[in-house]
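Source file: input-v4.cif; contents: mmCIF, C-alpha atoms and all ligand atoms.
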```cif
data_my_file
loop_
_atom_site.group_PDB
_atom_site.id
_atom_site.type_symbol
_atom_site.label_atom_id
_atom_site.label_comp_id
_atom_site.auth_asym_id
_atom_site.auth_seq_id
_atom_site.Cartn_x
_atom_site.Cartn_y
_atom_site.Cartn_z
ATOM 1 C CA MET A 1 -7.339 21.054 -5.803
ATOM 2 C CA TRP A 2 -6.656 17.829 -3.967
ATOM 3 C CA GLN A 3 -4.642 15.676 -6.347
ATOM 4 C CA VAL A 4 -5.413 12.331 -4.757
ATOM 5 C CA VAL A 5 -7.907 10.243 -6.758
ATOM 6 C CA GLY A 6 -11.048 9.311 -4.800
ATOM 7 C CA GLN A 7 -10.940 9.309 -0.964
ATOM 8 C CA PRO A 8 -13.794 11.819 -0.492
ATOM 9 C CA LYS A 9 -14.190 10.952 3.209
ATOM 10 C CA ALA A 10 -10.549 11.608 4.055
ATOM 11 C CA ILE A 11 -10.479 14.841 2.045
ATOM 12 C CA THR A 12 -13.679 16.159 3.626
ATOM 13 C CA LEU A 13 -12.303 15.477 7.088
ATOM 14 C CA LEU A 14 -9.019 17.282 6.383
ATOM 15 C CA GLU A 15 -10.687 20.176 4.591
ATOM 16 C CA ARG A 16 -13.124 20.693 7.442
ATOM 17 C CA SER A 17 -10.317 20.619 10.025
ATOM 18 C CA ILE A 18 -8.373 23.259 8.093
ATOM 19 C CA GLU A 19 -11.476 25.433 7.697
ATOM 20 C CA ILE A 20 -12.259 25.513 11.402
ATOM 21 C CA GLY A 21 -8.590 25.684 12.418
ATOM 22 C CA GLN A 22 -8.713 22.334 14.230
ATOM 23 C CA LEU A 23 -5.976 20.450 12.466
ATOM 24 C CA SER A 24 -4.418 17.680 14.528
ATOM 25 C CA HIS A 25 -0.649 17.895 15.122
ATOM 26 C CA ALA A 26 -0.218 14.310 13.940
ATOM 27 C CA TYR A 27 -2.048 12.112 11.447
ATOM 28 C CA LEU A 28 -1.842 8.434 10.672
ATOM 29 C CA PHE A 29 -2.873 7.621 7.104
ATOM 30 C CA VAL A 30 -3.757 3.935 6.881
ATOM 31 C CA GLY A 31 -4.397 2.098 3.618
ATOM 32 C CA PRO A 32 -2.993 -0.527 1.233
ATOM 33 C CA PRO A 33 0.223 0.207 -0.712
ATOM 34 C CA HIS A 34 -0.228 2.670 -3.606
ATOM 35 C CA VAL A 35 -3.743 3.696 -2.556
ATOM 36 C CA GLY A 36 -2.697 7.385 -2.399
ATOM 37 C CA LYS A 37 -1.350 7.956 1.126
ATOM 38 C CA LEU A 38 1.749 9.874 0.045
ATOM 39 C CA THR A 39 -0.171 11.959 -2.491
ATOM 40 C CA LEU A 40 -2.709 12.888 0.179
ATOM 41 C CA ALA A 41 0.077 13.691 2.669
ATOM 42 C CA LEU A 42 1.780 16.004 0.166
ATOM 43 C CA ASN A 43 -1.597 17.607 -0.578
ATOM 44 C CA LEU A 44 -2.089 18.232 3.136
ATOM 45 C CA ALA A 45 1.415 19.720 3.356
ATOM 46 C CA GLN A 46 0.416 22.021 0.483
ATOM 47 C CA ALA A 47 -2.896 22.881 2.132
ATOM 48 C CA VAL A 48 -1.291 24.046 5.393
ATOM 49 C CA ASN A 49 1.281 26.157 3.565
ATOM 50 C CA CYS A 50 -0.854 27.479 0.693
ATOM 51 C CA GLY A 51 -1.972 31.100 0.661
ATOM 52 C CA ALA A 52 -5.078 30.643 -1.536
ATOM 53 C CA ALA A 53 -8.641 30.986 -0.275
ATOM 54 C CA THR A 54 -9.377 27.300 -0.889
ATOM 55 C CA PRO A 55 -6.121 25.451 -0.263
ATOM 56 C CA PRO A 56 -4.360 23.553 -1.696
ATOM 57 C CA CYS A 57 -4.474 25.599 -4.903
ATOM 58 C CA GLY A 58 -1.678 23.625 -6.572
ATOM 59 C CA GLU A 59 -0.553 26.760 -8.393
ATOM 60 C CA CYS A 60 1.071 29.118 -5.890
ATOM 61 C CA ILE A 61 4.827 28.975 -5.471
ATOM 62 C CA SER A 62 4.499 27.088 -2.193
ATOM 63 C CA CYS A 63 2.193 24.390 -3.660
ATOM 64 C CA ARG A 64 4.472 24.012 -6.676
ATOM 65 C CA ARG A 65 7.637 23.730 -4.600
ATOM 66 C CA ILE A 66 6.062 21.058 -2.409
ATOM 67 C CA ALA A 67 4.887 19.086 -5.456
ATOM 68 C CA ALA A 68 8.421 19.287 -6.878
ATOM 69 C CA GLY A 69 9.968 18.102 -3.599
ATOM 70 C CA LYS A 70 11.850 21.382 -3.216
ATOM 71 C CA HIS A 71 10.107 23.026 -0.268
ATOM 72 C CA ALA A 72 12.484 23.470 2.675
ATOM 73 C CA ASP A 73 9.762 22.843 5.279
ATOM 74 C CA VAL A 74 8.345 19.620 3.878
ATOM 75 C CA GLN A 75 10.353 16.467 4.330
ATOM 76 C CA ILE A 76 9.685 12.802 3.609
ATOM 77 C CA ILE A 77 11.347 10.384 6.008
ATOM 78 C CA GLY A 78 11.632 6.776 4.862
ATOM 79 C CA LEU A 79 14.180 4.031 4.257
ATOM 80 C CA LEU A 80 17.501 5.610 3.277
ATOM 81 C CA SER A 81 18.127 2.805 0.791
ATOM 82 C CA GLU A 82 16.543 -0.479 -0.265
ATOM 83 C CA GLU A 83 19.194 -2.396 1.687
ATOM 84 C CA ARG A 84 18.178 -0.703 4.939
ATOM 85 C CA ARG A 85 15.340 -2.472 6.684
ATOM 86 C CA GLU A 86 14.421 0.179 9.240
ATOM 87 C CA ILE A 87 13.947 3.897 9.740
ATOM 88 C CA SER A 88 16.657 4.664 12.266
ATOM 89 C CA ILE A 89 16.713 6.666 15.485
ATOM 90 C CA GLU A 90 19.297 8.985 13.886
ATOM 91 C CA GLN A 91 16.714 9.954 11.263
ATOM 92 C CA ILE A 92 14.212 10.771 14.020
ATOM 93 C CA ARG A 93 16.767 12.823 15.974
ATOM 94 C CA GLU A 94 17.595 14.766 12.844
ATOM 95 C CA MET A 95 13.860 15.378 12.303
ATOM 96 C CA GLN A 96 13.527 16.597 15.896
ATOM 97 C CA THR A 97 16.359 19.071 15.426
ATOM 98 C CA GLY A 98 14.687 20.351 12.259
ATOM 99 C CA ALA A 99 11.295 20.526 13.985
ATOM 100 C CA SER A 100 12.678 22.681 16.797
ATOM 101 C CA LEU A 101 13.579 25.445 14.313
ATOM 102 C CA PRO A 102 10.924 27.787 12.895
ATOM 103 C CA PRO A 103 9.626 27.176 9.359
ATOM 104 C CA PHE A 104 12.040 28.458 6.756
ATOM 105 C CA GLU A 105 9.778 29.477 3.891
ATOM 106 C CA GLY A 106 6.256 28.329 4.792
ATOM 107 C CA ARG A 107 3.852 28.467 7.719
ATOM 108 C CA HIS A 108 4.176 24.848 8.829
ATOM 109 C CA LYS A 109 6.929 22.304 8.958
ATOM 110 C CA VAL A 110 5.607 18.988 7.718
ATOM 111 C CA PHE A 111 7.345 15.655 8.284
ATOM 112 C CA ILE A 112 5.918 12.697 6.381
ATOM 113 C CA PHE A 113 6.923 9.212 7.571
ATOM 114 C CA ASP A 114 6.653 6.877 4.607
ATOM 115 C CA ARG A 115 6.066 3.290 5.784
ATOM 116 C CA ALA A 116 6.005 4.286 9.445
ATOM 117 C CA ASP A 117 5.744 0.585 10.333
ATOM 118 C CA LEU A 118 9.449 0.355 9.477
ATOM 119 C CA LEU A 119 10.474 2.631 12.355
ATOM 120 C CA SER A 120 12.971 0.739 14.506
ATOM 121 C CA HIS A 121 11.874 0.207 18.096
ATOM 122 C CA GLU A 122 14.255 2.953 19.301
ATOM 123 C CA ALA A 123 13.148 5.277 16.512
ATOM 124 C CA ALA A 124 9.474 4.749 17.396
ATOM 125 C CA ASN A 125 10.112 5.487 21.066
ATOM 126 C CA CYS A 126 12.086 8.569 20.149
ATOM 127 C CA LEU A 127 9.291 9.773 17.865
ATOM 128 C CA LEU A 128 6.833 9.253 20.697
ATOM 129 C CA LYS A 129 8.421 12.184 22.536
ATOM 130 C CA THR A 130 7.583 14.532 19.656
ATOM 131 C CA LEU A 131 4.049 13.154 19.536
ATOM 132 C CA GLU A 132 3.598 13.654 23.271
ATOM 133 C CA GLU A 133 4.876 17.210 23.249
ATOM 134 C CA PRO A 134 3.575 18.638 19.981
ATOM 135 C CA LEU A 135 5.237 21.783 18.684
ATOM 136 C CA PRO A 136 3.144 24.541 17.147
ATOM 137 C CA GLN A 137 3.764 24.864 13.400
ATOM 138 C CA VAL A 138 4.873 21.237 13.141
ATOM 139 C CA LEU A 139 2.695 18.654 11.448
ATOM 140 C CA LEU A 140 3.580 14.962 11.456
ATOM 141 C CA ILE A 141 1.980 12.571 8.971
ATOM 142 C CA LEU A 142 2.630 8.854 9.371
ATOM 143 C CA LEU A 143 1.799 6.532 6.476
ATOM 144 C CA THR A 144 1.315 2.816 6.799
ATOM 145 C CA ALA A 145 -0.219 -0.238 5.175
ATOM 146 C CA ARG A 146 0.480 -2.286 8.308
ATOM 147 C CA GLU A 147 -1.064 -0.496 11.223
ATOM 148 C CA SER A 148 -0.686 -3.518 13.496
ATOM 149 C CA ALA A 149 3.123 -3.212 13.245
ATOM 150 C CA LEU A 150 3.072 0.250 14.870
ATOM 151 C CA LEU A 151 3.369 0.828 18.605
ATOM 152 C CA PRO A 152 -0.149 1.296 20.041
ATOM 153 C CA THR A 153 1.142 4.363 21.880
ATOM 154 C CA ILE A 154 2.045 5.941 18.534
ATOM 155 C CA VAL A 155 -1.304 5.068 16.957
ATOM 156 C CA SER A 156 -3.232 6.505 19.895
ATOM 157 C CA ARG A 157 -1.465 9.869 19.588
ATOM 158 C CA CYS A 158 -2.321 10.381 15.935
ATOM 159 C CA GLN A 159 -5.604 11.154 14.279
ATOM 160 C CA ARG A 160 -6.338 8.129 12.155
ATOM 161 C CA VAL A 161 -7.447 8.631 8.550
ATOM 162 C CA GLU A 162 -8.313 5.568 6.519
ATOM 163 C CA LEU A 163 -7.816 5.444 2.753
ATOM 164 C CA ARG A 164 -9.890 2.806 1.029
ATOM 165 C CA PRO A 165 -9.357 1.010 -2.285
ATOM 166 C CA LEU A 166 -11.190 2.731 -5.125
ATOM 167 C CA PRO A 167 -13.892 1.309 -7.402
ATOM 168 C CA VAL A 168 -12.551 -0.143 -10.672
ATOM 169 C CA ASN A 169 -14.524 2.351 -12.776
ATOM 170 C CA LEU A 170 -13.066 5.376 -11.025
ATOM 171 C CA ILE A 171 -9.518 4.163 -11.718
ATOM 172 C CA LYS A 172 -10.378 3.309 -15.303
ATOM 173 C CA GLU A 173 -11.865 6.766 -15.937
ATOM 174 C CA ALA A 174 -8.912 8.573 -14.354
ATOM 175 C CA LEU A 175 -6.459 6.546 -16.467
ATOM 176 C CA ILE A 176 -8.327 7.364 -19.667
ATOM 177 C CA GLU A 177 -9.130 11.009 -18.953
ATOM 178 C CA ASP A 178 -6.053 12.206 -17.075
ATOM 179 C CA HIS A 179 -3.391 9.943 -18.553
ATOM 180 C CA GLY A 180 -4.620 9.139 -22.060
ATOM 181 C CA VAL A 181 -4.542 5.357 -21.591
ATOM 182 C CA ALA A 182 -6.495 3.327 -24.196
ATOM 183 C CA ALA A 183 -9.802 1.933 -22.898
ATOM 184 C CA ASP A 184 -8.816 -1.782 -23.030
ATOM 185 C CA ARG A 185 -5.580 -1.240 -21.220
ATOM 186 C CA ALA A 186 -7.207 1.085 -18.684
ATOM 187 C CA GLU A 187 -9.763 -1.636 -17.939
ATOM 188 C CA LEU A 188 -7.013 -4.219 -17.373
ATOM 189 C CA LEU A 189 -4.858 -1.948 -15.186
ATOM 190 C CA ALA A 190 -7.886 -0.805 -13.178
ATOM 191 C CA ARG A 191 -8.955 -4.372 -12.440
ATOM 192 C CA LEU A 192 -5.459 -5.543 -11.549
ATOM 193 C CA SER A 193 -4.816 -2.538 -9.311
ATOM 194 C CA ASP A 194 -7.030 -3.902 -6.551
ATOM 195 C CA GLY A 195 -8.397 -0.391 -6.062
ATOM 196 C CA CYS A 196 -4.969 1.242 -5.711
ATOM 197 C CA PHE A 197 -4.550 4.018 -8.249
ATOM 198 C CA GLY A 198 -0.813 4.419 -7.631
ATOM 199 C CA TRP A 199 -0.256 0.816 -8.644
ATOM 200 C CA ALA A 200 -2.157 1.375 -11.896
ATOM 201 C CA LEU A 201 0.064 4.395 -12.621
ATOM 202 C CA LEU A 202 3.235 2.415 -11.961
ATOM 203 C CA ALA A 203 2.070 -0.442 -14.176
ATOM 204 C CA MET A 204 1.125 2.081 -16.857
ATOM 205 C CA GLN A 205 4.690 3.403 -16.904
ATOM 206 C CA ASP A 206 6.551 0.127 -16.462
ATOM 207 C CA GLU A 207 5.665 -2.887 -18.650
ATOM 208 C CA LYS A 208 7.798 -5.148 -16.465
ATOM 209 C CA ILE A 209 5.242 -5.007 -13.647
ATOM 210 C CA ILE A 210 2.591 -6.788 -15.725
ATOM 211 C CA GLU A 211 5.196 -9.205 -17.117
ATOM 212 C CA GLU A 212 6.330 -10.140 -13.610
ATOM 213 C CA ARG A 213 2.739 -10.642 -12.587
ATOM 214 C CA SER A 214 2.105 -12.976 -15.547
ATOM 215 C CA ARG A 215 5.220 -14.944 -14.618
ATOM 216 C CA ARG A 216 4.008 -15.341 -11.037
ATOM 217 C CA LEU A 217 0.579 -16.460 -12.212
ATOM 218 C CA ALA A 218 2.138 -19.045 -14.526
ATOM 219 C CA THR A 219 4.042 -20.426 -11.515
ATOM 220 C CA LEU A 220 0.809 -20.555 -9.559
ATOM 221 C CA VAL A 221 -0.969 -22.517 -12.287
ATOM 222 C CA ASP A 222 2.008 -24.910 -12.629
ATOM 223 C CA LEU A 223 2.057 -25.520 -8.891
ATOM 224 C CA SER A 224 -1.580 -26.503 -8.743
ATOM 225 C CA TYR A 225 -0.716 -29.429 -11.044
ATOM 226 C CA ALA A 226 2.702 -30.130 -9.475
ATOM 227 C CA GLY A 227 3.788 -32.784 -6.992
ATOM 228 C CA LEU A 228 4.593 -32.293 -3.349
ATOM 229 C CA LYS A 229 8.327 -31.936 -3.878
ATOM 230 C CA GLN A 230 7.983 -29.018 -6.269
ATOM 231 C CA ARG A 231 5.421 -27.304 -4.051
ATOM 232 C CA LEU A 232 7.560 -27.573 -0.928
ATOM 233 C CA ALA A 233 10.599 -26.294 -2.824
ATOM 234 C CA TYR A 234 8.573 -23.260 -3.828
ATOM 235 C CA ALA A 235 7.427 -22.723 -0.224
ATOM 236 C CA ALA A 236 11.075 -22.732 0.862
ATOM 237 C CA GLU A 237 11.972 -20.261 -1.891
ATOM 238 C CA LEU A 238 9.185 -17.886 -0.855
ATOM 239 C CA ALA A 239 10.058 -18.199 2.829
ATOM 240 C CA ALA A 240 13.704 -17.316 2.131
ATOM 241 C CA GLN A 241 12.515 -14.290 0.180
ATOM 242 C CA PHE A 242 10.189 -13.288 3.012
ATOM 243 C CA SER A 243 13.044 -12.457 5.372
ATOM 244 C CA LYS A 244 14.532 -10.115 2.759
ATOM 245 C CA ASN A 245 11.425 -8.487 1.379
ATOM 246 C CA ARG A 246 8.116 -9.284 3.021
ATOM 247 C CA GLU A 247 6.171 -6.930 0.740
ATOM 248 C CA GLU A 248 7.024 -9.097 -2.225
ATOM 249 C CA ILE A 249 5.538 -12.184 -0.556
ATOM 250 C CA GLU A 250 2.468 -10.198 0.418
ATOM 251 C CA GLU A 251 2.122 -9.245 -3.253
ATOM 252 C CA VAL A 252 2.377 -12.897 -4.298
ATOM 253 C CA LEU A 253 -0.297 -13.906 -1.791
ATOM 254 C CA THR A 254 -2.583 -11.073 -2.911
ATOM 255 C CA LEU A 255 -2.118 -12.190 -6.498
ATOM 256 C CA TRP A 256 -3.037 -15.735 -5.535
ATOM 257 C CA LEU A 257 -6.064 -14.570 -3.614
ATOM 258 C CA GLN A 258 -7.245 -12.576 -6.636
ATOM 259 C CA TRP A 259 -6.738 -15.627 -8.840
ATOM 260 C CA TRP A 260 -8.692 -18.019 -6.644
ATOM 261 C CA HIS A 261 -11.355 -15.422 -6.110
ATOM 262 C CA ASP A 262 -11.657 -15.188 -9.901
ATOM 263 C CA LEU A 263 -12.120 -18.966 -10.045
ATOM 264 C CA LEU A 264 -14.899 -18.660 -7.497
ATOM 265 C CA LEU A 265 -16.593 -15.947 -9.564
ATOM 266 C CA ILE A 266 -16.465 -18.163 -12.655
ATOM 267 C CA LYS A 267 -17.846 -21.094 -10.665
ATOM 268 C CA GLY A 268 -20.704 -18.879 -9.537
ATOM 269 C CA GLY A 269 -21.479 -17.657 -13.068
ATOM 270 C CA ASP A 270 -20.036 -14.177 -12.480
ATOM 271 C CA GLY A 271 -17.050 -14.529 -14.816
ATOM 272 C CA LYS A 272 -17.509 -11.013 -16.194
ATOM 273 C CA PHE A 273 -16.306 -9.564 -12.888
ATOM 274 C CA VAL A 274 -12.923 -11.343 -12.775
ATOM 275 C CA THR A 275 -9.792 -9.343 -11.952
ATOM 276 C CA ASN A 276 -7.451 -11.167 -14.319
ATOM 277 C CA ILE A 277 -9.252 -10.348 -17.568
ATOM 278 C CA ASP A 278 -6.076 -11.016 -19.565
ATOM 279 C CA GLN A 279 -5.927 -14.639 -18.320
ATOM 280 C CA GLN A 280 -9.407 -15.833 -19.249
ATOM 281 C CA SER A 281 -8.436 -19.133 -20.875
ATOM 282 C CA ALA A 282 -6.183 -20.271 -18.008
ATOM 283 C CA LEU A 283 -8.900 -19.292 -15.526
ATOM 284 C CA LEU A 284 -11.595 -21.173 -17.430
ATOM 285 C CA GLN A 285 -9.406 -24.276 -17.594
ATOM 286 C CA GLN A 286 -8.719 -24.218 -13.854
ATOM 287 C CA ALA A 287 -12.336 -23.520 -13.056
ATOM 288 C CA LYS A 288 -13.139 -26.810 -14.820
ATOM 289 C CA ASP A 289 -10.487 -28.728 -12.887
ATOM 290 C CA PHE A 290 -11.592 -27.766 -9.358
ATOM 291 C CA ASN A 291 -14.942 -27.774 -7.644
ATOM 292 C CA ALA A 292 -16.349 -24.783 -5.738
ATOM 293 C CA LYS A 293 -15.610 -26.271 -2.326
ATOM 294 C CA GLN A 294 -11.939 -26.830 -3.204
ATOM 295 C CA VAL A 295 -11.686 -23.230 -4.378
ATOM 296 C CA MET A 296 -13.435 -21.847 -1.270
ATOM 297 C CA ASP A 297 -11.295 -23.930 1.064
ATOM 298 C CA PHE A 298 -8.098 -22.739 -0.552
ATOM 299 C CA ILE A 299 -9.215 -19.107 -0.366
ATOM 300 C CA HIS A 300 -9.670 -19.598 3.382
ATOM 301 C CA HIS A 301 -6.191 -21.115 3.628
ATOM 302 C CA LEU A 302 -4.712 -18.151 1.754
ATOM 303 C CA GLN A 303 -6.437 -15.669 4.048
ATOM 304 C CA ALA A 304 -5.268 -17.598 7.103
ATOM 305 C CA VAL A 305 -1.645 -17.601 5.914
ATOM 306 C CA SER A 306 -1.714 -13.866 5.256
ATOM 307 C CA GLU A 307 -2.938 -13.298 8.805
ATOM 308 C CA GLN A 308 -0.363 -15.676 10.271
ATOM 309 C CA LEU A 309 2.487 -13.908 8.467
ATOM 310 C CA GLU A 310 1.130 -10.565 9.644
ATOM 311 C CA GLN A 311 1.344 -11.928 13.192
ATOM 312 C CA ASN A 312 4.936 -13.048 12.602
ATOM 313 C CA ALA A 313 4.335 -16.781 12.323
ATOM 314 C CA ASN A 314 7.200 -18.916 11.007
ATOM 315 C CA PRO A 315 7.004 -18.139 7.261
ATOM 316 C CA ARG A 316 8.379 -21.451 6.056
ATOM 317 C CA LEU A 317 5.954 -23.484 8.133
ATOM 318 C CA ALA A 318 2.969 -21.326 7.166
ATOM 319 C CA LEU A 319 3.829 -21.451 3.460
ATOM 320 C CA GLU A 320 4.453 -25.217 3.538
ATOM 321 C CA VAL A 321 1.027 -25.798 5.082
ATOM 322 C CA LEU A 322 -0.436 -23.560 2.372
ATOM 323 C CA MET A 323 1.240 -25.626 -0.356
ATOM 324 C CA LEU A 324 -0.085 -28.838 1.165
ATOM 325 C CA SER A 325 -3.621 -27.454 1.242
ATOM 326 C CA MET A 326 -3.573 -26.366 -2.399
ATOM 327 C CA PRO A 327 -6.068 -28.485 -4.346
HETATM 328 ZN ZN ZN B 1 -1.255 26.966 -3.143
#
```
What does the file become when written as structure tokens?
Ligand SMILES: [Zn+2]
Amino acid sequence: MWQVVGQPKAITLLERSIEIGQLSHAYLFVGPPHVGKLTLALNLAQAVNCGAATPPCGECISCRRIAAGKHADVQIIGLLSEERREISIEQIREMQTGASLPPFEGRHKVFIFDRADLLSHEAANCLLKTLEEPLPQVLLILLTARESALLPTIVSRCQRVELRPLPVNLIKEALIEDHGVAADRAELLARLSDGCFGWALLAMQDEKIIEERSRRLATLVDLSYAGLKQRLAYAAELAAQFSKNREEIEEVLTLWLQWWHDLLLIKGGDGKFVTNIDQQSALLQQAKDFNAKQVMDFIHHLQAVSEQLEQNANPRLALEVLMLSMP
């Protein structure tokens, strides 16, 4: 059984490749954070090492050891600590040494690169050698939410598999049926997850995630009624944060986009589809204060800033312009 929720296209492709013995030596799983890339990668590692007729069975010793992170031939390579900003060349060299040895307990060695976009330039070039001269019995799986940050030469040597956000109902059902979450809460988590099941699971286990989100939304609402000085101070604060942890700023911008999209839905009479169902009164108030054109324009500004940051624009400048364009 494939454990990943949804993703029928990706699973069919991998299953078919295993069936006909045409597995690629390297895959690139692309999709937003928490959409299920790592789960699918571990499932694939199970599938290539499982002895059952329809792998991955999830029950044999090999499948269970991989799920528990104890299988000697399956390794996840990522940031060594939160303070480190890159996956280093030393980590790649160590992987290459490991890859040159035969599998220890399974049939395939599998190396999973979590957040492959964080490979340092030297590490990426070093990895390229392994991709160019694939070893039998070695499977590389690169995971990323930011494909554009990878070297094109790396992307072109991997088979690309895209993981898409899931429908709200699918996430809601899985939360209720597989995790015993109450219907109301499952509905909220599913909507807020933006189609990423892993996020819903994290928020289910950790109350602080929803609290932090509410705090950020309160700041957003305050700012839309605040003066220039306060807005620019916030832009500076975000920009300073960006250099330390860009994912966090991306999260803030996604949150804002969801919020303004909700306002647009309410303006258009589709309020029942809003993401932020726990913030109805604040949404309704703001929807009264701004007209549809203001909301649309700001959504465009938000999208533009996200793209600019992706292309390494000056974060402070981009965020200041965003604050100035907020209605
Ligand atoms: Zn198995």
Considering only C-alpha atoms and all ligand atoms, give me a table of residues in chain A that are at most 8 Å from ligand ZN 1 (chain B), with the closest atom pair and distance in Å for each, as a tab-separated table.
```
residue	atom	partner	partner_atom	distance
A:Gln46	CA	B:ZN1	ZN	6.4
A:Ala47	CA	B:ZN1	ZN	6.9
A:Asn49	CA	B:ZN1	ZN	7.2
A:Cys50	CA	B:ZN1	ZN	3.9
A:Gly51	CA	B:ZN1	ZN	5.7
A:Ala52	CA	B:ZN1	ZN	5.5
A:Pro55	CA	B:ZN1	ZN	5.9
A:Pro56	CA	B:ZN1	ZN	4.8
A:Cys57	CA	B:ZN1	ZN	3.9
A:Gly58	CA	B:ZN1	ZN	4.8
A:Glu59	CA	B:ZN1	ZN	5.3
A:Cys60	CA	B:ZN1	ZN	4.2
A:Ile61	CA	B:ZN1	ZN	6.8
A:Ser62	CA	B:ZN1	ZN	5.8
A:Cys63	CA	B:ZN1	ZN	4.3
A:Arg64	CA	B:ZN1	ZN	7.3
```
Saved selection, atoms kept: C-alpha atoms, as a PDB file, in the frame of the given file:
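Saved as part11.pdb:
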```pdb
ATOM      1  CA  GLN A  46       0.416  22.021   0.483  1.00  0.00           C
ATOM      2  CA  ALA A  47      -2.896  22.881   2.132  1.00  0.00           C
ATOM      3  CA  ASN A  49       1.281  26.157   3.565  1.00  0.00           C
ATOM      4  CA  CYS A  50      -0.854  27.479   0.693  1.00  0.00           C
ATOM      5  CA  GLY A  51      -1.972  31.100   0.661  1.00  0.00           C
ATOM      6  CA  ALA A  52      -5.078  30.643  -1.536  1.00  0.00           C
ATOM      7  CA  PRO A  55      -6.121  25.451  -0.263  1.00  0.00           C
ATOM      8  CA  PRO A  56      -4.360  23.553  -1.696  1.00  0.00           C
ATOM      9  CA  CYS A  57      -4.474  25.599  -4.903  1.00  0.00           C
ATOM     10  CA  GLY A  58      -1.678  23.625  -6.572  1.00  0.00           C
ATOM     11  CA  GLU A  59      -0.553  26.760  -8.393  1.00  0.00           C
ATOM     12  CA  CYS A  60       1.071  29.118  -5.890  1.00  0.00           C
ATOM     13  CA  ILE A  61       4.827  28.975  -5.471  1.00  0.00           C
ATOM     14  CA  SER A  62       4.499  27.088  -2.193  1.00  0.00           C
ATOM     15  CA  CYS A  63       2.193  24.390  -3.660  1.00  0.00           C
ATOM     16  CA  ARG A  64       4.472  24.012  -6.676  1.00  0.00           C
TER      17      ARG A  64
END
```
Take the PyMOL selection byres (((chain A and resi 92-109) around 6) and not hetatm), run it mentally on this structure, and tell me the resulting residues as JSON, numbers by chain. {"A": [49, 73, 74, 89, 90, 91, 110, 137, 138]}
As a check of understanding: the span from CA of Val252 (chain A) to CA of Ile176 (chain A) is 27.6 Å
Using only C-alpha atoms, the residue out of A:Gln285, A:Asn43, A:Asn312, A:Ser24 with shortest distance to Ser243 (chain A) is A:Asn312
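Neighbouring residues of Leu163 (chain A) at 7 Å or closer, counting all atoms listed in the file and skipping chain neighbours under 5 positions away, are Gln7, Ala10, Phe29, Val30, Gly31 and Val35 of chain A.
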Trp256 (chain A) surroundings by only C-alpha atoms, 10 Å radius, close-in-sequence under 5 positions cut, as a tab-separated table (two decimals) with C-alpha atoms, keeping the file's coordinate frame:
```
chain	number	residue	atom	x	y	z
A	216	ARG	CA	4.01	-15.34	-11.04
A	217	LEU	CA	0.58	-16.46	-12.21
A	220	LEU	CA	0.81	-20.56	-9.56
A	221	VAL	CA	-0.97	-22.52	-12.29
A	250	GLU	CA	2.47	-10.20	0.42
A	251	GLU	CA	2.12	-9.24	-3.25
A	261	HIS	CA	-11.36	-15.42	-6.11
A	262	ASP	CA	-11.66	-15.19	-9.90
A	298	PHE	CA	-8.10	-22.74	-0.55
A	299	ILE	CA	-9.22	-19.11	-0.37
A	302	LEU	CA	-4.71	-18.15	1.75
```
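Take the candidates A:Ile20, A:Val5, A:Lys70, A:Arg84 and check each one against Lys172 (chain A) using only C-alpha atoms; the shortest distance goes to A:Val5.
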| message | Take the PyMOL selection byres (((chain A and resi 274) around 9) and not hetatm), run it mentally on this structure, and tell me the resulting residues as a ChimeraX atom specification. | response | /A:191,258-259,261-263,265-266,270-273,275-277,280
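CA of Arg246 (chain A) to CA of Ile209 (chain A) spans 17.4 Å [interatomic distance, one decimal].
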- Task: Apply the PyMOL selection byres (((chain A and resi 301) around 10) and not hetatm) to the structure shown and report the selected residues as an MDAnalysis selection string.
- Result: chainID A and resid 257 295:300 302:307 318 321:323 325:326
